[in-house]
file final27.cif (mmCIF, C-alpha atoms)
data_entry
#
loop_
_atom_site.label_atom_id
_atom_site.label_comp_id
_atom_site.auth_asym_id
_atom_site.auth_seq_id
_atom_site.Cartn_x
_atom_site.Cartn_y
_atom_site.Cartn_z
CA MET P 1345 85.36 90.47 99.23
CA ILE P 1346 87.94 89.30 96.70
CA GLN P 1347 91.01 89.34 98.95
CA VAL P 1348 94.41 90.62 97.86
CA PHE P 1349 95.81 87.20 98.65
CA GLU P 1350 94.79 83.91 100.21
CA PRO P 1351 97.41 81.19 100.76
CA GLU P 1352 96.79 77.75 99.31
CA ILE P 1353 97.13 75.22 102.12
CA GLY P 1354 96.05 71.69 101.27
CA GLN P 1355 96.10 68.23 102.76
CA ASP P 1356 99.76 67.74 101.81
CA GLU P 1357 100.77 70.66 104.02
CA ILE P 1358 98.53 69.51 106.88
CA ASP P 1359 99.93 65.97 106.72
CA ALA P 1360 103.52 67.26 106.72
CA VAL P 1361 102.99 69.46 109.77
CA VAL P 1362 101.21 66.67 111.64
CA ASP P 1363 104.06 64.32 110.77
CA ALA P 1364 106.57 66.84 112.14
CA LEU P 1365 104.56 67.11 115.35
CA ARG P 1366 104.39 63.35 115.76
CA LYS P 1367 108.15 63.15 115.30
CA GLY P 1368 108.68 65.86 117.90
CA GLU P 1369 110.20 68.30 115.39
CA ILE P 1370 108.74 71.33 117.13
CA SER P 1371 111.91 73.42 117.52
CA GLY P 1372 114.58 74.59 115.14
CA SER P 1373 117.41 72.64 116.72
CA PHE P 1374 116.90 69.09 115.46
CA GLY P 1375 114.94 66.89 113.08
CA ALA P 1376 114.93 66.01 109.39
CA TYR P 1377 112.48 68.54 107.96
CA LEU P 1378 114.67 71.59 108.55
CA PRO P 1379 117.78 70.43 106.64
CA GLU P 1380 115.53 68.94 103.95
CA PHE P 1381 113.81 72.27 103.37
CA GLU P 1382 117.09 74.19 103.47
CA ASN P 1383 118.82 71.89 101.01
CA ASN P 1384 115.91 71.64 98.59
CA PHE P 1385 115.19 75.35 98.56
CA ALA P 1386 118.86 76.22 98.02
CA GLN P 1387 119.01 73.71 95.17
CA TYR P 1388 115.87 75.22 93.66
CA CYS P 1389 117.57 78.64 93.64
CA GLY P 1390 120.79 77.26 92.22
CA ALA P 1391 122.71 77.88 95.45
CA LYS P 1392 124.89 75.53 97.49
CA TYR P 1393 123.63 76.46 100.95
CA GLY P 1394 120.33 77.39 102.56
CA ILE P 1395 119.97 78.77 106.07
CA ALA P 1396 116.40 78.88 107.39
CA VAL P 1397 115.43 81.63 109.81
CA SER P 1398 112.37 83.02 111.56
CA SER P 1399 111.34 85.61 108.93
CA GLY P 1400 112.39 87.44 105.81
CA THR P 1401 113.26 90.43 108.00
CA THR P 1402 115.60 88.40 110.21
CA ALA P 1403 117.13 86.85 107.09
CA LEU P 1404 118.18 90.33 105.98
CA GLN P 1405 119.29 91.29 109.48
CA VAL P 1406 121.56 88.30 109.99
CA ALA P 1407 122.89 88.58 106.43
CA ILE P 1408 124.06 92.14 107.12
CA ALA P 1409 125.55 91.09 110.46
CA ALA P 1410 127.46 88.25 108.78
CA LEU P 1411 129.27 90.83 106.63
CA ASN P 1412 130.38 92.78 109.72
CA ILE P 1413 128.46 95.82 108.55
CA SER P 1414 127.87 97.95 111.61
CA GLN P 1415 127.59 101.39 113.19
CA GLY P 1416 127.81 104.21 110.65
CA ASP P 1417 128.32 102.04 107.59
CA GLU P 1418 126.07 102.80 104.64
CA VAL P 1419 123.95 100.33 102.70
CA LEU P 1420 122.26 101.32 99.45
CA ILE P 1421 118.72 99.94 99.27
CA SER P 1422 115.72 100.22 96.99
CA SER P 1423 113.66 103.21 98.09
CA SER P 1424 110.38 101.50 97.18
CA THR P 1425 110.29 98.47 99.46
CA ASN P 1426 108.76 97.04 102.59
CA ILE P 1427 110.24 98.63 105.72
CA ALA P 1428 111.91 95.29 106.57
CA THR P 1429 114.77 96.07 104.18
CA ALA P 1430 115.63 99.26 106.03
CA LEU P 1431 115.01 97.75 109.46
CA ALA P 1432 117.68 95.14 108.81
CA CYS P 1433 120.18 97.93 108.26
CA TYR P 1434 118.92 100.00 111.19
CA HIS P 1435 119.13 97.19 113.72
CA ASN P 1436 122.74 96.58 112.71
CA GLY P 1437 123.56 100.26 113.23
CA ALA P 1438 123.97 100.84 109.50
CA VAL P 1439 122.48 103.74 107.57
CA ALA P 1440 120.08 102.80 104.77
CA VAL P 1441 120.59 105.07 101.75
CA PRO P 1442 117.60 104.94 99.40
CA VAL P 1443 118.01 104.57 95.64
CA ASP P 1444 115.08 105.90 93.64
CA SER P 1445 113.00 103.62 91.42
CA GLU P 1446 113.07 103.53 87.65
CA ASN P 1447 109.92 104.09 85.67
CA GLU P 1448 109.29 100.74 84.01
CA THR P 1449 109.89 97.85 86.43
CA TRP P 1450 109.78 100.10 89.53
CA ASN P 1451 112.97 98.47 90.82
CA LEU P 1452 115.91 100.58 91.98
CA ASN P 1453 117.39 102.68 89.21
CA LEU P 1454 120.84 101.26 88.50
CA ASP P 1455 121.86 104.46 86.70
CA LEU P 1456 121.70 106.27 90.06
CA VAL P 1457 123.71 103.83 92.16
CA GLU P 1458 127.24 105.06 91.53
CA SER P 1459 126.33 108.66 92.34
CA LEU P 1460 125.30 107.54 95.85
CA VAL P 1461 128.40 105.52 96.69
CA THR P 1462 130.70 107.07 99.35
CA PRO P 1463 133.69 105.72 101.30
CA LYS P 1464 131.16 104.61 103.95
CA THR P 1465 129.18 102.45 101.51
CA LYS P 1466 129.67 98.74 102.23
CA ALA P 1467 126.81 96.96 100.48
CA ILE P 1468 123.76 97.25 98.28
CA ILE P 1469 120.41 95.51 98.74
CA PRO P 1470 118.39 95.37 95.52
CA VAL P 1471 114.74 94.44 96.04
CA HIS P 1472 113.10 92.35 93.33
CA LEU P 1473 109.88 94.33 93.62
CA PHE P 1474 106.52 92.56 93.20
CA GLY P 1475 108.27 89.63 91.52
CA HIS P 1476 110.20 91.40 88.76
CA PRO P 1477 113.97 90.92 89.17
CA VAL P 1478 116.59 93.62 89.17
CA ASP P 1479 119.16 93.28 86.37
CA MET P 1480 121.74 91.55 88.56
CA ASP P 1481 124.31 91.36 85.77
CA GLN P 1482 124.47 95.14 85.55
CA LEU P 1483 124.31 95.60 89.30
CA ASN P 1484 127.13 93.14 89.98
CA VAL P 1485 129.42 95.05 87.59
CA ILE P 1486 128.78 98.22 89.61
CA ALA P 1487 129.24 96.41 92.93
CA LYS P 1488 132.53 94.87 91.86
CA LYS P 1489 133.83 98.25 90.66
CA HIS P 1490 133.17 99.76 94.08
CA ASN P 1491 133.97 96.66 96.18
CA LEU P 1492 130.44 96.37 97.55
CA PHE P 1493 128.72 93.32 98.97
CA VAL P 1494 125.37 92.48 97.36
CA ILE P 1495 122.41 91.04 99.28
CA GLU P 1496 119.35 90.31 97.16
CA ASP P 1497 116.01 90.96 98.84
CA CYS P 1498 114.00 88.16 97.21
CA ALA P 1499 111.04 88.29 99.59
CA GLU P 1500 108.63 88.86 96.69
CA ALA P 1501 110.43 86.95 93.96
CA HIS P 1502 110.76 83.21 94.57
CA GLY P 1503 111.66 81.71 91.20
CA ALA P 1504 112.09 85.00 89.33
CA GLN P 1505 114.86 84.84 86.74
CA VAL P 1506 117.53 87.04 85.20
CA ARG P 1507 118.58 85.70 81.80
CA GLY P 1508 117.51 82.19 82.79
CA LYS P 1509 119.09 82.18 86.27
CA LYS P 1510 116.99 82.31 89.42
CA VAL P 1511 117.37 85.17 91.85
CA GLY P 1512 118.97 84.57 95.23
CA ALA P 1513 122.14 82.91 94.00
CA LEU P 1514 123.16 85.88 91.83
CA SER P 1515 124.99 87.72 94.63
CA ASP P 1516 126.77 87.17 97.94
CA MET P 1517 123.48 86.22 99.56
CA GLY P 1518 119.79 86.12 98.73
CA CYS P 1519 117.12 86.60 101.41
CA PHE P 1520 113.61 85.17 101.09
CA SER P 1521 110.41 85.54 103.09
CA PHE P 1522 107.87 82.77 103.64
CA TYR P 1523 105.21 84.99 105.21
CA ALA P 1524 101.61 83.93 104.63
CA ASN P 1525 101.18 86.02 101.47
CA LYS P 1526 104.40 84.97 99.75
CA ILE P 1527 104.66 82.62 96.76
CA ILE P 1528 105.32 79.74 99.14
CA THR P 1529 104.69 80.05 102.85
CA THR P 1530 105.68 78.62 106.21
CA GLY P 1531 103.29 81.02 107.98
CA GLU P 1532 106.22 83.04 109.24
CA GLY P 1533 109.79 82.26 108.24
CA GLY P 1534 112.63 83.09 105.90
CA MET P 1535 115.74 81.72 104.20
CA ILE P 1536 119.17 82.95 103.19
CA VAL P 1537 120.85 81.21 100.26
CA THR P 1538 124.52 81.55 99.35
CA ASN P 1539 127.33 79.84 97.49
CA ASP P 1540 129.91 80.92 100.08
CA LYS P 1541 130.77 78.19 102.63
CA ASP P 1542 132.28 80.66 105.12
CA LEU P 1543 129.19 82.86 105.00
CA SER P 1544 126.96 79.82 105.38
CA ASP P 1545 128.82 78.72 108.51
CA LYS P 1546 128.66 82.21 110.00
CA LEU P 1547 124.95 82.57 109.25
CA ARG P 1548 124.20 79.25 110.96
CA LEU P 1549 126.25 80.36 113.97
CA LEU P 1550 124.56 83.72 114.28
CA ARG P 1551 120.97 82.49 113.85
CA ASN P 1552 121.33 80.09 116.80
CA LEU P 1553 122.63 82.34 119.60
CA ALA P 1554 126.22 81.79 118.41
CA PHE P 1555 126.61 78.60 120.43
CA THR P 1556 130.12 77.17 120.21
CA GLN P 1557 132.16 74.80 122.38
CA PRO P 1558 131.75 74.64 125.29
CA ARG P 1559 128.06 75.14 124.55
CA PHE P 1560 127.30 78.12 126.75
CA TYR P 1561 130.46 80.04 125.88
CA HIS P 1562 129.81 82.76 123.29
CA GLU P 1563 132.60 84.53 121.42
CA VAL P 1564 130.24 86.67 119.29
CA PRO P 1565 126.73 88.02 119.86
CA GLY P 1566 124.17 85.87 118.08
CA TYR P 1567 120.43 85.94 117.52
CA ASN P 1568 117.57 83.59 118.21
CA PHE P 1569 116.34 83.50 114.62
CA ARG P 1570 115.60 79.79 114.22
CA MET P 1571 112.84 78.33 112.04
CA THR P 1572 110.90 75.47 113.61
CA GLY P 1573 110.66 71.96 112.23
CA MET P 1574 106.90 72.39 111.88
CA GLN P 1575 107.41 75.42 109.66
CA ALA P 1576 110.03 73.59 107.61
CA ALA P 1577 107.61 70.71 107.09
CA LEU P 1578 105.02 73.15 105.77
CA GLY P 1579 107.66 74.76 103.56
CA SER P 1580 108.78 71.44 102.14
CA ALA P 1581 105.23 70.62 101.09
CA GLN P 1582 104.80 74.07 99.57
CA LEU P 1583 108.11 73.88 97.72
CA ARG P 1584 106.93 70.82 95.83
CA LYS P 1585 104.17 73.01 94.37
CA ILE P 1586 106.18 76.15 93.63
CA ASP P 1587 106.35 75.70 89.85
CA ARG P 1588 102.57 75.40 89.68
CA PHE P 1589 102.12 78.40 91.97
CA ILE P 1590 104.34 80.52 89.73
CA LEU P 1591 102.58 79.34 86.57
CA GLU P 1592 99.22 80.25 88.10
CA ARG P 1593 100.49 83.70 89.01
CA ARG P 1594 101.82 84.27 85.52
CA ASN P 1595 98.49 83.15 84.08
CA MET P 1596 96.76 85.56 86.46
CA ALA P 1597 98.97 88.37 85.16
CA LYS P 1598 98.16 87.46 81.55
CA MET P 1599 94.45 87.71 82.31
CA TYR P 1600 94.89 91.10 83.98
CA ASN P 1601 97.08 92.37 81.14
CA SER P 1602 94.47 91.39 78.59
CA ALA P 1603 91.61 92.89 80.59
CA LEU P 1604 93.26 96.17 81.65
CA THR P 1605 95.50 97.05 78.70
CA SER P 1606 92.83 99.28 77.12
CA ILE P 1607 92.65 101.55 80.18
CA ASP P 1608 94.96 104.44 79.30
CA GLU P 1609 94.94 105.80 82.86
CA LEU P 1610 96.84 102.77 84.19
CA GLN P 1611 100.46 101.70 83.88
CA LEU P 1612 100.60 97.91 84.07
CA PRO P 1613 103.53 95.84 85.40
CA ALA P 1614 106.44 95.21 83.07
CA GLU P 1615 108.37 92.12 82.10
CA LYS P 1616 111.71 92.89 80.47
CA ASP P 1617 112.89 90.55 77.71
CA TRP P 1618 115.74 89.30 79.93
CA ALA P 1619 113.52 88.67 82.93
CA LYS P 1620 110.95 86.24 84.27
CA ASN P 1621 108.45 88.08 86.44
CA VAL P 1622 106.69 85.83 88.97
CA TYR P 1623 104.07 88.51 89.79
CA TRP P 1624 104.03 88.13 93.56
CA MET P 1625 101.40 90.84 93.40
CA TYR P 1626 99.81 92.37 90.34
CA ALA P 1627 100.57 96.05 90.86
CA VAL P 1628 99.32 98.98 88.79
CA LEU P 1629 100.13 102.67 88.74
CA LEU P 1630 97.43 105.29 88.27
CA LYS P 1631 99.05 107.81 85.96
CA SER P 1632 99.19 111.18 87.68
CA LYS P 1633 98.18 112.96 84.47
CA SER P 1634 94.91 111.01 84.44
CA GLY P 1635 93.37 113.58 86.76
CA HIS P 1636 91.95 110.92 89.09
CA LYS P 1637 92.78 110.25 92.74
CA ARG P 1638 93.94 106.79 93.69
CA GLU P 1639 91.97 106.92 96.94
CA ASN P 1640 88.73 107.45 95.01
CA LEU P 1641 89.51 104.48 92.79
CA ILE P 1642 90.45 102.26 95.72
CA SER P 1643 87.26 103.31 97.52
CA HIS P 1644 85.18 102.46 94.45
CA LEU P 1645 86.78 99.01 94.20
CA SER P 1646 86.31 98.37 97.92
CA LYS P 1647 82.61 99.16 97.70
CA LYS P 1648 82.42 96.56 94.95
CA GLY P 1649 84.08 93.91 97.12
CA ILE P 1650 87.58 94.19 95.65
CA ASP P 1651 90.47 94.33 98.12
CA THR P 1652 93.62 96.34 97.31
CA ARG P 1653 96.86 97.51 98.97
CA THR P 1654 98.91 100.62 98.29
CA MET P 1655 102.52 100.40 97.21
CA PHE P 1656 105.22 101.12 99.80
CA CYS P 1657 106.04 104.40 101.50
CA PRO P 1658 109.54 105.31 100.25
CA MET P 1659 112.51 104.80 102.54
CA SER P 1660 113.44 108.43 101.84
CA THR P 1661 110.41 109.62 103.84
CA GLN P 1662 110.30 107.18 106.77
CA PRO P 1663 110.28 109.26 109.99
CA PHE P 1664 112.51 107.05 112.15
CA LEU P 1665 115.14 106.73 109.41
CA MET P 1666 115.23 110.51 109.01
CA LYS P 1667 116.10 110.82 112.71
CA GLN P 1668 119.00 108.36 112.54
CA ALA P 1669 122.53 109.67 112.94
CA GLY P 1670 124.22 109.79 109.54
CA TYR P 1671 120.91 109.93 107.63
CA ARG P 1672 121.33 111.11 104.03
CA GLN P 1673 118.53 113.02 102.37
CA VAL P 1674 118.04 111.58 98.89
CA SER P 1675 115.36 112.73 96.46
CA CYS P 1676 113.23 109.81 95.19
CA PRO P 1677 110.49 111.30 92.98
CA VAL P 1678 109.61 108.06 91.18
CA ALA P 1679 109.25 106.16 94.47
CA ASP P 1680 107.15 109.08 95.76
CA ASP P 1681 104.85 108.69 92.76
CA LEU P 1682 104.53 104.94 93.36
CA TRP P 1683 103.55 105.66 96.96
CA ALA P 1684 101.02 108.30 95.93
CA ASN P 1685 99.47 106.52 92.95
CA GLY P 1686 100.41 102.83 92.98
CA PHE P 1687 98.49 99.87 94.38
CA TYR P 1688 98.09 96.17 93.85
CA LEU P 1689 95.09 93.99 93.11
CA PRO P 1690 93.87 90.57 94.21
CA SER P 1691 96.67 88.18 93.22
CA SER P 1692 95.91 84.76 94.67
CA ASN P 1693 97.23 81.72 92.83
CA ARG P 1694 93.82 80.56 91.75
CA LEU P 1695 92.13 83.83 90.93
CA GLU P 1696 89.54 82.88 88.36
CA GLU P 1697 88.95 84.49 84.98
CA LYS P 1698 85.49 85.61 86.08
CA ASP P 1699 87.07 87.47 89.02
CA VAL P 1700 89.55 89.26 86.77
CA LYS P 1701 86.76 90.15 84.36
CA TYR P 1702 84.68 91.56 87.22
CA ILE P 1703 87.60 93.58 88.58
CA SER P 1704 88.46 95.00 85.16
CA GLU P 1705 84.83 95.96 84.54
CA GLU P 1706 84.79 97.90 87.80
CA PHE P 1707 87.91 99.76 86.70
CA LYS P 1708 86.18 100.67 83.46
CA ASN P 1709 83.02 101.69 85.33
CA PHE P 1710 85.06 104.02 87.53
CA PHE P 1711 86.79 105.79 84.66
CA SER P 1712 83.72 105.98 82.39
CA SER P 1713 81.64 107.57 85.12
CA ARG P 1714 84.19 110.39 85.51
CA ILE P 1715 84.65 111.52 81.90
#
call {"tool": "encode", "arguments": {"input": "final27.cif", "output": "structure tokens"}}
result
Amino acid sequence: MIQVFEPEIGQDEIDAVVDALRKGEISGSFGAYLPEFENNFAQYCGAKYGIAVSSGTTALQVAIAALNISQGDEVLISSSTNIATALACYHNGAVAVPVDSENETWNLNLDLVESLVTPKTKAIIPVHLFGHPVDMDQLNVIAKKHNLFVIEDCAEAHGAQVRGKKVGALSDMGCFSFYANKIITTGEGGMIVTNDKDLSDKLRLLRNLAFTQPRFYHEVPGYNFRMTGMQAALGSAQLRKIDRFILERRNMAKMYNSALTSIDELQLPAEKDWAKNVYWMYAVLLKSKSGHKRENLISHLSKKGIDTRTMFCPMSTQPFLMKQAGYRQVSCPVADDLWANGFYLPSSNRLEEKDVKYISEEFKNFFSSRI
């Protein structure tokens, strides 16, 4: 089976983790690897501060909490996203209001944002979906007009760029995931980057149970969202390879583009002229007018040893969100179409040309056998 993704873990990563173990850096409270990873990753993003946490989900959760967003407040989010984006709102008592996708990049449609803003709206979380960035210049103009905080969900977009500037430092905060299938990994783990010193201090306080002085006296409720030194050691080793990882992903996308562009039934991923897409996953959309069912195509590929994953179920149709007090019903037809007809293909860093050729041939075999 050609897997959707397999992380690249080499001797450098193994040596770094073993070194952390030998130094006793097994928690998230002390040691050199954690601040090294935080500082270097923030610098990579063009931000002043990095705050490492236990996952991309907890990065979003503590970021929302740091802005004092709470019960009944509304947060606009991309409708097509992993559930983690909405969970971060939900667990802070906030109501996630989905913004439908646009047709080309599949990111949230910025033309719809202002129509969804109400007096309860406090923030917006754009998701840089599958590695293509949202146009943060346009979004920040809207956010400033309506006095909204902006938290970038960069879980899928390490190193993606908007007009030459990396995502994460283009807003109040940027939240990253280092889950096993991300561009760089710490196994589990996440990071918030920011240029705001006050936010940085508050994020560090909240992620570590809000310890103050005296130590066991707590003025605010915190979280136990620490990253361990072992994970930071792994992340530091991975970070040194991130430019190569991104180049390999972009080369993978070029191979797919060349191999699949002749298949009229598929919409391939975009890259706007102002953007750098890092292709976290190579996603395609089966055009509804093609007359074919995605499930049949996925089944065909699976039988040929090709792993796939569907795109995300829209936040506008998630059952537990629909039951939340203050829930707003928003129509998201483009996100619905992505959920019904979109999926992504094997996207490992070192996917070989022969693998892409084989996958593309099986696409062609599927469509030619159903003319």
call {"tool": "resolve_selection", "arguments": {"input": "final27.cif", "expression": "the PyMOL selection byres ((chain P and resi 1547) around 8)", "output": "list in words"}}
result
Ile1395, Val1406, Ala1407, Ala1410, Leu1543, Ser1544, Asp1545, Lys1546, Arg1548, Leu1549, Leu1550 and Arg1551 of chain P
call {"tool": "closest_atom_pairs", "arguments": {"input": "final27.cif", "of": "segment 1507-1566 of chain P", "to": "segment 1426-1448 of chain P", "cutoff": "12 Å", "atoms": "all atoms listed in the file", "output": "Markdown table"}}
result
| residue | atom | partner | partner_atom | distance |
| --- | --- | --- | --- | --- |
| P:Cys1519 | CA | P:Thr1429 | CA | 10.1 |
| P:Phe1520 | CA | P:Thr1429 | CA | 11.4 |
| P:Ser1521 | CA | P:Ala1428 | CA | 10.5 |
| P:Pro1565 | CA | P:Asn1436 | CA | 11.8 |
call {"tool": "resolve_selection", "arguments": {"input": "final27.cif", "expression": "the PyMOL selection byres ((chain P and resi 1622) around 6)", "output": "PDB file with C-alpha atoms, in the coordinates of the input"}}
result
ATOM      1  CA  GLY P1475     108.270  89.630  91.520  1.00  0.00           C
ATOM      2  CA  ALA P1504     112.090  85.000  89.330  1.00  0.00           C
ATOM      3  CA  ILE P1590     104.340  80.520  89.730  1.00  0.00           C
ATOM      4  CA  ASN P1621     108.450  88.080  86.440  1.00  0.00           C
ATOM      5  CA  TYR P1623     104.070  88.510  89.790  1.00  0.00           C
ATOM      6  CA  TRP P1624     104.030  88.130  93.560  1.00  0.00           C
TER       7      TRP P1624
END
call {"tool": "closest_atom_pairs", "arguments": {"input": "final27.cif", "of": "segment 1405-1460 of chain P", "to": "segment 1480-1484 of chain P", "cutoff": "10 Å", "atoms": "only C-alpha atoms", "output": "tab-separated table"}}
result
residue	atom	partner	partner_atom	distance
P:Asn1453	CA	P:Leu1483	CA	9.9
P:Leu1454	CA	P:Leu1483	CA	6.7
P:Asp1455	CA	P:Leu1483	CA	9.6
P:Val1457	CA	P:Leu1483	CA	8.7
call {"tool": "closest_residue", "arguments": {"input": "final27.cif", "among": "P:Lys1509, P:Gly1416, P:Ile1421, P:Val1628", "to": "Leu1604 of chain P", "atoms": "only C-alpha atoms"}}
result
P:Val1628
call {"tool": "residues_around", "arguments": {"input": "final27.cif", "residues": "Asp1651 of chain P", "least_positions_apart": "5", "cutoff": "9 Å", "atoms": "all atoms listed in the file", "output": "MDAnalysis selection string"}}
result
chainID P and resid 1345:1349 1642 1645:1646 1688:1690
call {"tool": "closest_residue", "arguments": {"input": "final27.cif", "among": "P:Gly1390, P:Asn1693, P:Ala1619, P:Ala1409", "to": "Glu1592 of chain P", "atoms": "only C-alpha atoms"}}
result
P:Asn1693
call {"tool": "resolve_selection", "arguments": {"input": "final27.cif", "expression": "the PyMOL selection byres ((chain P and resi 1708) around 12)", "output": "list in words"}}
result
Ala1603, Leu1604, Thr1605, Ser1606, Ile1607, Asp1608, Glu1609, Leu1610, Leu1641, His1644, Leu1645, Lys1701, Tyr1702, Ile1703, Ser1704, Glu1705, Glu1706, Phe1707, Asn1709, Phe1710, Phe1711, Ser1712, Ser1713, Arg1714 and Ile1715 of chain P
call {"tool": "closest_residue", "arguments": {"input": "final27.cif", "among": "P:Ser1459, P:Ser1423, P:Thr1402, P:Gln1355", "to": "Met1571 of chain P", "atoms": "all atoms listed in the file"}}
result
P:Thr1402
call {"tool": "axis_aligned_box", "arguments": {"input": "final27.cif", "around": "segment 1449-1466 of chain P", "padding_each_side": "6 Å", "output": "AutoDock Vina command-line options"}}
result
--center_x 121.7 --center_y 103.3 --center_z 95.2 --size_x 35.9 --size_y 22.8 --size_z 29.5
call {"tool": "closest_residue", "arguments": {"input": "final27.cif", "among": "P:Glu1380, P:Gln1611, P:Leu1591, P:Arg1672", "to": "Leu1420 of chain P", "atoms": "all atoms listed in the file"}}
result
P:Arg1672
call {"tool": "residues_around", "arguments": {"input": "final27.cif", "residues": "Gly1508 of chain P", "least_positions_apart": "3", "cutoff": "8 Å", "atoms": "only C-alpha atoms", "output": "CSV table (one decimal) with C-alpha atoms, in the frame of the given file"}}
result
chain,number,residue,atom,x,y,z
P,1505,GLN,CA,114.9,84.8,86.7
P,1618,TRP,CA,115.7,89.3,79.9
P,1619,ALA,CA,113.5,88.7,82.9
P,1620,LYS,CA,111.0,86.2,84.3
call {"tool": "atom_distance", "arguments": {"input": "final27.cif", "atom1": "atom CA of Ile1486 of chain P", "atom2": "atom CA of Leu1404 of chain P"}}
result
21.0 Å
call {"tool": "residues_around", "arguments": {"input": "final27.cif", "residues": "segment 1678-1681 of chain P", "least_positions_apart": "6", "cutoff": "12 Å", "atoms": "all atoms listed in the file", "output": "MDAnalysis selection string"}}
result
chainID P and resid 1422:1425 1442:1453 1473 1628:1633 1638 1654:1662 1687
call {"tool": "closest_residue", "arguments": {"input": "final27.cif", "among": "P:Val1419, P:Gly1354, P:Ala1577, P:Lys1466", "to": "Phe1381 of chain P", "atoms": "only C-alpha atoms"}}
result
P:Ala1577
call {"tool": "atom_distance", "arguments": {"input": "final27.cif", "atom1": "atom CA of Gly1649 of chain P", "atom2": "atom CA of Leu1695 of chain P"}}
result
14.3 Å
call {"tool": "atom_distance", "arguments": {"input": "final27.cif", "atom1": "atom CA of Thr1462 of chain P", "atom2": "atom CA of Trp1683 of chain P"}}
result
27.3 Å
